[in-house]
file coords.txt (compact mmCIF, C-alpha atoms)
# COMPACT_ATOMS: atom_id res chain seq x y z
CA MET Z 1 -23.10 -19.92 -5.27
CA SER Z 2 -25.31 -19.24 -2.29
CA HIS Z 3 -24.05 -17.99 1.05
CA VAL Z 4 -22.76 -19.95 4.04
CA VAL Z 5 -23.33 -19.06 7.68
CA CYS Z 6 -20.79 -19.92 10.38
CA LEU Z 7 -22.27 -19.91 13.86
CA GLY Z 8 -20.28 -20.17 17.05
CA LEU Z 9 -17.09 -19.14 18.81
CA ALA Z 10 -14.78 -16.25 17.93
CA THR Z 11 -11.68 -15.60 20.04
CA LEU Z 12 -8.58 -13.46 20.07
CA ASP Z 13 -5.45 -15.62 20.19
CA THR Z 14 -1.88 -14.86 21.16
CA ILE Z 15 0.46 -17.57 19.89
CA PHE Z 16 4.04 -18.05 21.09
CA GLU Z 17 6.57 -20.30 19.38
CA VAL Z 18 8.81 -21.83 22.03
CA PRO Z 19 11.80 -24.22 21.87
CA GLU Z 20 9.98 -26.55 24.26
CA LEU Z 21 6.83 -26.49 26.35
CA PRO Z 22 7.63 -25.34 29.89
CA GLU Z 23 7.41 -27.63 32.88
CA SER Z 24 5.62 -26.62 36.07
CA ASP Z 25 7.26 -23.45 37.45
CA GLY Z 26 9.45 -23.44 34.33
CA ARG Z 27 10.44 -20.52 32.12
CA VAL Z 28 11.06 -20.47 28.38
CA PHE Z 29 11.79 -17.69 25.91
CA ALA Z 30 9.61 -17.43 22.83
CA THR Z 31 11.32 -17.24 19.45
CA GLU Z 32 8.24 -15.82 17.69
CA VAL Z 33 4.84 -14.41 18.60
CA ALA Z 34 1.68 -13.73 16.63
CA ALA Z 35 -1.77 -12.37 17.42
CA ALA Z 36 -4.80 -13.41 15.38
CA GLY Z 37 -8.45 -14.23 15.58
CA GLY Z 38 -9.42 -17.78 16.42
CA GLY Z 39 -12.35 -20.00 17.23
CA PRO Z 40 -13.52 -23.01 15.17
CA ALA Z 41 -16.52 -21.44 13.47
CA ALA Z 42 -14.84 -18.05 13.01
CA THR Z 43 -11.71 -19.54 11.40
CA ALA Z 44 -13.86 -21.69 9.11
CA ALA Z 45 -15.61 -18.47 8.09
CA VAL Z 46 -12.29 -16.86 7.19
CA ALA Z 47 -11.33 -19.88 5.08
CA LEU Z 48 -14.67 -19.74 3.23
CA ALA Z 49 -14.34 -16.03 2.56
CA ARG Z 50 -10.75 -16.29 1.37
CA LEU Z 51 -11.84 -19.04 -1.02
CA GLY Z 52 -14.44 -16.75 -2.55
CA VAL Z 53 -17.66 -17.81 -0.80
CA GLU Z 54 -20.15 -15.24 0.52
CA THR Z 55 -19.86 -15.87 4.25
CA TYR Z 56 -21.64 -14.59 7.36
CA PHE Z 57 -20.53 -15.08 10.94
CA ILE Z 58 -23.07 -15.22 13.74
CA GLY Z 59 -21.73 -15.07 17.27
CA ALA Z 60 -20.98 -12.66 20.07
CA VAL Z 61 -18.11 -10.69 21.55
CA GLY Z 62 -17.79 -8.29 24.44
CA ASP Z 63 -17.56 -4.53 24.06
CA ASP Z 64 -13.89 -4.63 25.01
CA ASP Z 65 -10.70 -4.15 22.99
CA ALA Z 66 -10.49 -7.88 22.27
CA GLY Z 67 -14.01 -7.85 20.88
CA ALA Z 68 -13.15 -4.95 18.59
CA ALA Z 69 -10.05 -6.81 17.36
CA ILE Z 70 -12.10 -9.97 16.69
CA ARG Z 71 -14.66 -8.01 14.70
CA ASP Z 72 -12.03 -6.11 12.73
CA GLY Z 73 -10.16 -9.31 11.88
CA LEU Z 74 -13.25 -10.98 10.43
CA ALA Z 75 -14.33 -7.86 8.55
CA ARG Z 76 -10.89 -7.46 6.94
CA GLU Z 77 -11.25 -10.96 5.53
CA GLY Z 78 -14.55 -10.12 3.90
CA VAL Z 79 -16.70 -12.04 6.38
CA ASP Z 80 -20.04 -10.30 6.94
CA ILE Z 81 -20.26 -9.45 10.67
CA GLY Z 82 -23.63 -7.71 10.58
CA ARG Z 83 -25.03 -10.44 12.86
CA LEU Z 84 -22.04 -10.55 15.23
CA ALA Z 85 -23.47 -9.23 18.49
CA VAL Z 86 -21.54 -6.92 20.81
CA VAL Z 87 -22.59 -7.59 24.41
CA PRO Z 88 -22.27 -4.59 26.75
CA ALA Z 89 -20.00 -5.03 29.77
CA ALA Z 90 -19.02 -8.56 28.68
CA ARG Z 91 -15.46 -9.86 28.24
CA SER Z 92 -14.53 -11.55 24.97
CA PRO Z 93 -12.98 -15.03 24.73
CA LEU Z 94 -9.18 -15.12 24.71
CA SER Z 95 -6.61 -17.85 24.20
CA THR Z 96 -2.87 -18.09 24.71
CA ILE Z 97 -1.21 -20.89 22.75
CA LEU Z 98 2.33 -22.23 23.13
CA VAL Z 99 3.60 -24.04 20.03
CA GLU Z 100 6.74 -26.13 20.34
CA HIS Z 101 9.15 -25.44 17.50
CA GLY Z 102 9.81 -28.46 15.32
CA SER Z 103 7.24 -30.84 16.79
CA GLY Z 104 4.15 -28.64 16.52
CA SER Z 105 3.02 -29.83 19.96
CA ARG Z 106 1.07 -27.15 21.75
CA ALA Z 107 -0.51 -26.12 25.02
CA ILE Z 108 -3.61 -23.91 25.10
CA ILE Z 109 -4.90 -21.65 27.85
CA HIS Z 110 -8.45 -20.54 27.07
CA PHE Z 111 -10.50 -17.86 28.81
CA PRO Z 112 -14.13 -18.28 27.67
CA GLY Z 113 -15.07 -14.73 28.51
CA THR Z 114 -18.28 -13.68 30.22
CA LEU Z 115 -20.70 -13.87 27.31
CA PRO Z 116 -24.21 -15.28 27.80
CA PRO Z 117 -25.31 -18.36 25.80
CA LEU Z 118 -25.56 -17.56 22.11
CA GLU Z 119 -29.12 -16.65 21.05
CA PRO Z 120 -29.41 -15.45 17.42
CA GLY Z 121 -32.12 -12.92 16.69
CA SER Z 122 -34.86 -13.35 14.11
CA ALA Z 123 -32.82 -11.75 11.32
CA ALA Z 124 -29.91 -14.10 12.01
CA ILE Z 125 -32.22 -17.10 12.04
CA ASP Z 126 -33.68 -16.05 8.70
CA LEU Z 127 -30.15 -15.77 7.33
CA CYS Z 128 -29.46 -19.34 8.46
CA ARG Z 129 -32.63 -20.65 6.85
CA GLU Z 130 -31.64 -19.09 3.52
CA ALA Z 131 -28.07 -20.43 3.62
CA ALA Z 132 -26.67 -23.30 1.59
CA TRP Z 133 -24.92 -24.48 4.77
CA VAL Z 134 -24.92 -23.54 8.43
CA HIS Z 135 -21.58 -24.53 9.97
CA VAL Z 136 -21.42 -24.78 13.77
CA ASP Z 137 -18.93 -25.61 16.48
CA HIS Z 138 -19.50 -26.59 20.12
CA VAL Z 139 -20.70 -23.07 20.95
CA GLY Z 140 -22.95 -22.62 17.93
CA TYR Z 141 -24.62 -26.04 17.84
CA ARG Z 142 -27.41 -25.31 20.33
CA ALA Z 143 -28.11 -21.94 18.74
CA ALA Z 144 -28.67 -23.30 15.22
CA PRO Z 145 -32.29 -23.27 14.05
CA HIS Z 146 -33.95 -26.52 13.01
CA GLY Z 147 -34.50 -27.30 9.37
CA VAL Z 148 -31.18 -25.97 8.04
CA ARG Z 149 -28.44 -27.85 6.21
CA LEU Z 150 -26.19 -28.32 9.19
CA SER Z 151 -22.42 -28.92 9.18
CA VAL Z 152 -20.90 -29.77 12.56
CA ASP Z 153 -17.27 -29.23 13.53
CA ALA Z 154 -16.80 -31.88 16.21
CA GLY Z 155 -13.19 -31.10 17.04
CA ILE Z 156 -14.42 -30.30 20.54
CA PRO Z 157 -17.04 -32.95 21.46
CA ILE Z 158 -20.60 -31.65 21.84
CA ASP Z 159 -22.74 -32.97 24.68
CA GLY Z 160 -26.14 -34.14 23.46
CA LEU Z 161 -25.25 -33.97 19.78
CA ASP Z 162 -28.15 -35.39 17.72
CA LEU Z 163 -26.86 -36.56 14.35
CA ARG Z 164 -30.39 -36.94 12.97
CA ASP Z 165 -30.31 -33.22 12.14
CA VAL Z 166 -26.76 -33.20 10.75
CA SER Z 167 -25.98 -33.14 7.02
CA LEU Z 168 -22.19 -33.13 7.52
CA TYR Z 169 -20.53 -34.50 10.64
CA ALA Z 170 -16.80 -33.70 10.55
CA PRO Z 171 -14.82 -34.98 13.55
CA PRO Z 172 -11.14 -35.82 13.96
CA GLU Z 173 -10.65 -39.56 13.82
CA SER Z 174 -9.91 -39.73 17.57
CA VAL Z 175 -13.19 -38.01 18.43
CA LEU Z 176 -15.16 -40.25 16.07
CA ARG Z 177 -13.79 -43.37 17.75
CA GLU Z 178 -14.45 -42.03 21.24
CA GLU Z 179 -17.98 -40.80 20.53
CA TYR Z 180 -19.34 -43.38 18.04
CA GLY Z 181 -16.70 -46.05 17.49
CA SER Z 182 -16.90 -45.91 13.71
CA ALA Z 183 -18.19 -43.85 10.81
CA ARG Z 184 -20.83 -46.50 10.15
CA ASN Z 185 -22.21 -45.99 13.64
CA ALA Z 186 -22.32 -42.23 13.13
CA LEU Z 187 -24.21 -42.72 9.87
CA ASP Z 188 -26.62 -45.11 11.59
CA ALA Z 189 -27.14 -42.44 14.26
CA GLY Z 190 -28.46 -40.12 11.57
CA ALA Z 191 -25.62 -38.21 9.91
CA GLU Z 192 -26.03 -37.81 6.16
CA LEU Z 193 -22.29 -37.62 5.48
CA VAL Z 194 -19.33 -38.28 7.77
CA VAL Z 195 -15.95 -36.74 6.94
CA VAL Z 196 -13.09 -37.71 9.22
CA THR Z 197 -9.87 -35.70 9.48
CA ARG Z 198 -6.60 -37.57 10.03
CA GLY Z 199 -4.04 -34.79 10.35
CA SER Z 200 -1.08 -35.28 8.01
CA ASP Z 201 -2.65 -38.53 6.78
CA GLY Z 202 -5.46 -36.65 5.05
CA SER Z 203 -9.17 -37.34 5.36
CA ALA Z 204 -11.89 -39.85 4.55
CA ALA Z 205 -15.58 -39.51 3.75
CA TYR Z 206 -18.31 -42.07 4.40
CA THR Z 207 -21.77 -41.95 2.84
CA ARG Z 208 -25.04 -43.65 3.73
CA HIS Z 209 -24.75 -45.71 0.53
CA GLY Z 210 -21.61 -47.43 1.79
CA GLU Z 211 -19.20 -45.34 -0.30
CA VAL Z 212 -15.80 -44.62 1.24
CA VAL Z 213 -13.65 -41.89 -0.30
CA GLU Z 214 -10.13 -41.26 0.98
CA ALA Z 215 -7.67 -38.49 0.13
CA PRO Z 216 -4.03 -38.29 1.24
CA GLY Z 217 -2.51 -35.40 3.11
CA HIS Z 218 -0.78 -32.51 1.33
CA GLU Z 219 2.89 -32.01 2.16
CA VAL Z 220 4.10 -28.61 3.34
CA GLU Z 221 6.72 -27.34 5.74
CA VAL Z 222 4.68 -27.10 8.93
CA VAL Z 223 5.15 -24.25 11.38
CA SER Z 224 1.98 -24.81 13.40
CA THR Z 225 -1.16 -26.91 12.96
CA LEU Z 226 -3.27 -24.45 14.93
CA GLY Z 227 -6.69 -24.07 13.30
CA ALA Z 228 -5.96 -26.53 10.50
CA GLY Z 229 -9.08 -28.58 11.20
CA ASP Z 230 -11.22 -25.43 11.18
CA VAL Z 231 -9.70 -24.41 7.85
CA PHE Z 232 -10.40 -27.89 6.46
CA HIS Z 233 -14.08 -27.56 7.34
CA GLY Z 234 -14.40 -24.16 5.72
CA ALA Z 235 -12.53 -25.31 2.62
CA LEU Z 236 -14.64 -28.44 2.30
CA LEU Z 237 -17.84 -26.40 2.32
CA ALA Z 238 -16.32 -23.98 -0.20
CA CYS Z 239 -15.60 -26.93 -2.50
CA PHE Z 240 -19.14 -28.24 -2.09
CA GLU Z 241 -20.47 -24.79 -2.94
CA ARG Z 242 -18.43 -24.82 -6.13
CA GLY Z 243 -19.98 -28.15 -7.08
CA LEU Z 244 -16.83 -30.27 -6.81
CA PRO Z 245 -17.24 -34.04 -6.49
CA LEU Z 246 -16.50 -35.52 -3.08
CA GLU Z 247 -13.01 -36.86 -3.81
CA GLU Z 248 -11.80 -33.60 -5.35
CA ALA Z 249 -13.35 -31.65 -2.49
CA LEU Z 250 -11.39 -33.73 0.02
CA VAL Z 251 -8.14 -33.27 -1.91
CA ARG Z 252 -8.55 -29.50 -2.00
CA ALA Z 253 -9.69 -29.23 1.62
CA ASN Z 254 -6.65 -31.27 2.70
CA ALA Z 255 -4.36 -28.97 0.71
CA CYS Z 256 -6.00 -25.82 2.06
CA ALA Z 257 -5.63 -27.02 5.65
CA ALA Z 258 -2.00 -28.01 5.07
CA LEU Z 259 -1.14 -24.65 3.50
CA SER Z 260 -2.60 -22.88 6.52
CA CYS Z 261 0.07 -24.62 8.62
CA ARG Z 262 2.83 -22.54 7.02
CA ALA Z 263 2.30 -19.79 9.62
CA LEU Z 264 2.34 -19.68 13.40
CA ASP Z 265 -1.25 -18.47 13.65
CA GLY Z 266 -4.26 -20.29 12.23
CA ARG Z 267 -5.31 -17.78 9.58
CA SER Z 268 -2.63 -15.73 7.85
CA ALA Z 269 -1.46 -18.57 5.56
CA ILE Z 270 -4.91 -19.74 4.43
CA PRO Z 271 -4.71 -19.67 0.61
CA THR Z 272 -7.02 -18.01 -1.86
CA TRP Z 273 -8.80 -20.19 -4.40
CA ASP Z 274 -6.21 -19.41 -7.09
CA GLU Z 275 -3.31 -20.18 -4.76
CA LEU Z 276 -4.98 -23.42 -3.76
CA LYS Z 277 -5.33 -24.46 -7.41
CA ARG Z 278 -1.68 -23.65 -8.10
CA SER Z 279 -0.55 -25.78 -5.16
CA LEU Z 280 -2.17 -28.85 -6.73
CA ARG Z 281 -0.57 -28.62 -10.16

call {"tool": "encode", "arguments": {"input": "coords.txt", "output": "structure tokens"}}
result
Amino acid sequence: MSHVVCLGLATLDTIFEVPELPESDGRVFATEVAAAGGGPAATAAVALARLGVETYFIGAVGDDDAGAAIRDGLAREGVDIGRLAVVPAARSPLSTILVEHGSGSRAIIHFPGTLPPLEPGSAAIDLCREAAWVHVDHVGYRAAPHGVRLSVDAGIPIDGLDLRDVSLYAPPESVLREEYGSARNALDAGAELVVVTRGSDGSAAYTRHGEVVEAPGHEVEVVSTLGAGDVFHGALLACFERGLPLEEALVRANACAALSCRALDGRSAIPTWDELKRSLR
């Protein structure tokens, strides 16, 4: 296997489980709390690394305590952070997430920090050009060099997205409908492969040759769906790197994303490759 680069946003999240989401001026007591790294590209990187793929994260954090925690969290997972810039006097991105017990509904408060636009250096660009895949989110898209095999997490819509440069376009079904209307339209706009996530209903892939491959969701006892889409993207690329056919890759990515929902945060329950295989027996 070659390496994969994830390029984009890394945050520090504090997640509270609450009996219900508070109303305006309301007050609720949390029944559980967790702190973990977040961010679409960064969580995809953790999923890739946990599934045994050599993974690099390119992004930026501030030189504050949150930045140190973000870096440490990625490094502990085996993600290479040699190209993760530390910006002096900048504040790192933070999120507070309220997850409603039972329903999984959530409310997110995000502080984007005070980082400048992401601008990878020459060594980081070279790393991207040598990668099997470069996976980006809404923060990383504009920083990705041209001519790479680009995978786009479109969970947060990207202004000015040009699908002519995209090998894998992976939006939630709601975003696909809002932005392009259909997978066929996204393919006609230039995407090489469109993979649509459908939450508990699984996922579907659409190719330029008219092939449609669908895979059902994987049942688990859900605590929180936070980060599940990001995990799906990382797992899908890990399956591609292992040479799995499209249908099997979808099945395993669905299962990996579902298993990540067993915990309140978006990372601690991501399975290893062996655990993922055992879950499908």

call {"tool": "closest_residue", "arguments": {"input": "coords.txt", "among": "Z:Arg198, Z:Arg83, Z:Arg27, Z:Arg50", "to": "Z:Ile125", "atoms": "all atoms listed in the file"}}
result
Z:Arg83

call {"tool": "residues_near_point", "arguments": {"input": "coords.txt", "point": "(-16.6, -35.0, 12.8)", "cutoff": "7 Å", "atoms": "only C-alpha atoms", "output": "PDB file with C-alpha atoms, in the frame of the given file"}}
result
ATOM      1  CA  VAL Z 152     -20.900 -29.770  12.560  1.00  0.00           C
ATOM      2  CA  ASP Z 153     -17.270 -29.230  13.530  1.00  0.00           C
ATOM      3  CA  ALA Z 154     -16.800 -31.880  16.210  1.00  0.00           C
ATOM      4  CA  GLY Z 155     -13.190 -31.100  17.040  1.00  0.00           C
ATOM      5  CA  TYR Z 169     -20.530 -34.500  10.640  1.00  0.00           C
ATOM      6  CA  ALA Z 170     -16.800 -33.700  10.550  1.00  0.00           C
ATOM      7  CA  PRO Z 171     -14.820 -34.980  13.550  1.00  0.00           C
ATOM      8  CA  PRO Z 172     -11.140 -35.820  13.960  1.00  0.00           C
ATOM      9  CA  LEU Z 176     -15.160 -40.250  16.070  1.00  0.00           C
ATOM     10  CA  VAL Z 194     -19.330 -38.280   7.770  1.00  0.00           C
ATOM     11  CA  VAL Z 195     -15.950 -36.740   6.940  1.00  0.00           C
ATOM     12  CA  VAL Z 196     -13.090 -37.710   9.220  1.00  0.00           C
TER      13      VAL Z 196
END

call {"tool": "residues_around", "arguments": {"input": "coords.txt", "residues": "Z:Ser200", "least_positions_apart": "6", "cutoff": "10 Å", "atoms": "only C-alpha atoms", "output": "PyMOL selection string"}}
result
chain Z and resi 216-220+225+254+257-258

call {"tool": "closest_residue", "arguments": {"input": "coords.txt", "among": "Z:Gly62, Z:His233, Z:Pro145, Z:Ala255", "to": "Z:Asp201", "atoms": "only C-alpha atoms"}}
result
Z:Ala255

call {"tool": "closest_residue", "arguments": {"input": "coords.txt", "among": "Z:Ser95, Z:Thr272, Z:Thr197, Z:Ser2", "to": "Z:Ser260", "atoms": "all atoms listed in the file"}}
result
Z:Thr272

call {"tool": "atom_distance", "arguments": {"input": "coords.txt", "atom1": "atom CA of Z:Leu244", "atom2": "atom CA of Z:Gly202"}}
result
17.6 Å

call {"tool": "residues_around", "arguments": {"input": "coords.txt", "residues": "Z:Glu214", "least_positions_apart": "4", "cutoff": "9 Å", "atoms": "all atoms listed in the file", "output": "list of chain:residue names"}}
result
Z:Gly202, Z:Ser203, Z:Ala204, Z:Ala205, Z:Tyr206, Z:Glu247, Z:Leu250, Z:Val251

call {"tool": "residues_around", "arguments": {"input": "coords.txt", "residues": "Z:His138", "least_positions_apart": "4", "cutoff": "12 Å", "atoms": "only C-alpha atoms", "output": "list of chain:residue names"}}
result
Z:Cys6, Z:Leu7, Z:Gly8, Z:Leu9, Z:Ala10, Z:Gly39, Z:Pro40, Z:Ala41, Z:Pro117, Z:Leu118, Z:Arg142, Z:Ala143, Z:Ala144, Z:Ser151, Z:Val152, Z:Asp153, Z:Ala154, Z:Gly155, Z:Ile156, Z:Pro157, Z:Ile158, Z:Asp159, Z:Gly160, Z:Leu161, Z:Pro171

call {"tool": "atom_distance", "arguments": {"input": "coords.txt", "atom1": "atom CA of Z:Gly243", "atom2": "atom CA of Z:Ser174"}}
result
29.0 Å

call {"tool": "closest_residue", "arguments": {"input": "coords.txt", "among": "Z:Gly190, Z:Gly82, Z:Gly147, Z:Gly67", "to": "Z:Ala132", "atoms": "all atoms listed in the file"}}
result
Z:Gly147

call {"tool": "build_atoms", "arguments": {"input": "coords.txt", "residues": "stretch 124-135 of chain Z", "atoms": "all heavy atoms", "output": "short mmCIF file (atom, residue, chain, number, x, y, z; two decimals), keeping the file's coordinate frame"}}
result
data_model
loop_
_atom_site.label_atom_id
_atom_site.label_comp_id
_atom_site.auth_asym_id
_atom_site.auth_seq_id
_atom_site.Cartn_x
_atom_site.Cartn_y
_atom_site.Cartn_z
N ALA Z 124 -30.97 -13.11 12.14
CA ALA Z 124 -29.91 -14.10 12.01
C ALA Z 124 -30.48 -15.48 11.70
O ALA Z 124 -29.91 -16.23 10.89
CB ALA Z 124 -29.08 -14.14 13.30
N ILE Z 125 -31.59 -15.81 12.32
CA ILE Z 125 -32.22 -17.10 12.04
C ILE Z 125 -32.69 -17.18 10.60
O ILE Z 125 -32.53 -18.19 9.91
CB ILE Z 125 -33.39 -17.34 13.03
CG1 ILE Z 125 -32.82 -17.59 14.43
CG2 ILE Z 125 -34.25 -18.53 12.58
CD1 ILE Z 125 -33.87 -17.68 15.51
N ASP Z 126 -33.26 -16.09 10.10
CA ASP Z 126 -33.68 -16.05 8.70
C ASP Z 126 -32.48 -16.25 7.78
O ASP Z 126 -32.57 -16.94 6.75
CB ASP Z 126 -34.37 -14.72 8.39
CG ASP Z 126 -35.75 -14.62 9.02
OD1 ASP Z 126 -36.31 -15.66 9.40
OD2 ASP Z 126 -36.27 -13.49 9.11
N LEU Z 127 -31.36 -15.63 8.13
CA LEU Z 127 -30.15 -15.77 7.33
C LEU Z 127 -29.70 -17.22 7.29
O LEU Z 127 -29.27 -17.73 6.24
CB LEU Z 127 -29.05 -14.89 7.92
CG LEU Z 127 -27.76 -14.74 7.12
CD1 LEU Z 127 -28.01 -13.98 5.82
CD2 LEU Z 127 -26.71 -14.02 7.96
N CYS Z 128 -29.81 -17.92 8.41
CA CYS Z 128 -29.46 -19.34 8.46
C CYS Z 128 -30.39 -20.16 7.58
O CYS Z 128 -29.95 -21.07 6.86
CB CYS Z 128 -29.53 -19.85 9.90
SG CYS Z 128 -28.24 -19.23 11.00
N ARG Z 129 -31.66 -19.86 7.62
CA ARG Z 129 -32.63 -20.65 6.85
C ARG Z 129 -32.45 -20.47 5.34
O ARG Z 129 -32.81 -21.35 4.56
CB ARG Z 129 -34.06 -20.27 7.26
CG ARG Z 129 -34.38 -20.60 8.71
CD ARG Z 129 -35.86 -20.58 8.98
NE ARG Z 129 -36.15 -20.75 10.39
CZ ARG Z 129 -36.12 -21.91 11.04
NH1 ARG Z 129 -35.79 -23.01 10.38
NH2 ARG Z 129 -36.41 -21.98 12.33
N GLU Z 130 -31.86 -19.36 4.95
CA GLU Z 130 -31.64 -19.09 3.52
C GLU Z 130 -30.28 -19.58 3.05
O GLU Z 130 -29.98 -19.53 1.85
CB GLU Z 130 -31.73 -17.57 3.28
CG GLU Z 130 -33.11 -16.98 3.55
CD GLU Z 130 -33.08 -15.47 3.66
OE1 GLU Z 130 -31.97 -14.88 3.56
OE2 GLU Z 130 -34.15 -14.87 3.89
N ALA Z 131 -29.44 -20.07 3.96
CA ALA Z 131 -28.07 -20.43 3.62
C ALA Z 131 -27.98 -21.81 2.98
O ALA Z 131 -28.79 -22.70 3.24
CB ALA Z 131 -27.20 -20.41 4.89
N ALA Z 132 -26.96 -21.98 2.15
CA ALA Z 132 -26.67 -23.30 1.59
C ALA Z 132 -26.20 -24.24 2.69
O ALA Z 132 -26.54 -25.44 2.69
CB ALA Z 132 -25.61 -23.19 0.50
N TRP Z 133 -25.41 -23.72 3.62
CA TRP Z 133 -24.92 -24.48 4.77
C TRP Z 133 -24.92 -23.59 5.99
O TRP Z 133 -24.65 -22.38 5.88
CB TRP Z 133 -23.49 -24.97 4.54
CG TRP Z 133 -23.33 -26.07 3.53
CD1 TRP Z 133 -23.08 -25.94 2.19
CD2 TRP Z 133 -23.40 -27.47 3.79
NE1 TRP Z 133 -23.00 -27.17 1.60
CE2 TRP Z 133 -23.19 -28.14 2.55
CE3 TRP Z 133 -23.62 -28.24 4.93
CZ2 TRP Z 133 -23.19 -29.52 2.44
CZ3 TRP Z 133 -23.62 -29.62 4.82
CH2 TRP Z 133 -23.41 -30.25 3.58
N VAL Z 134 -25.16 -24.19 7.14
CA VAL Z 134 -24.92 -23.54 8.43
C VAL Z 134 -23.88 -24.39 9.15
O VAL Z 134 -24.13 -25.57 9.45
CB VAL Z 134 -26.19 -23.42 9.27
CG1 VAL Z 134 -25.87 -22.83 10.64
CG2 VAL Z 134 -27.23 -22.56 8.55
N HIS Z 135 -22.71 -23.81 9.36
CA HIS Z 135 -21.58 -24.53 9.97
C HIS Z 135 -21.45 -24.11 11.42
O HIS Z 135 -21.35 -22.91 11.72
CB HIS Z 135 -20.30 -24.23 9.21
CG HIS Z 135 -19.10 -24.93 9.77
ND1 HIS Z 135 -18.94 -26.30 9.74
CD2 HIS Z 135 -18.00 -24.44 10.42
CE1 HIS Z 135 -17.79 -26.63 10.30
NE2 HIS Z 135 -17.21 -25.52 10.73
#
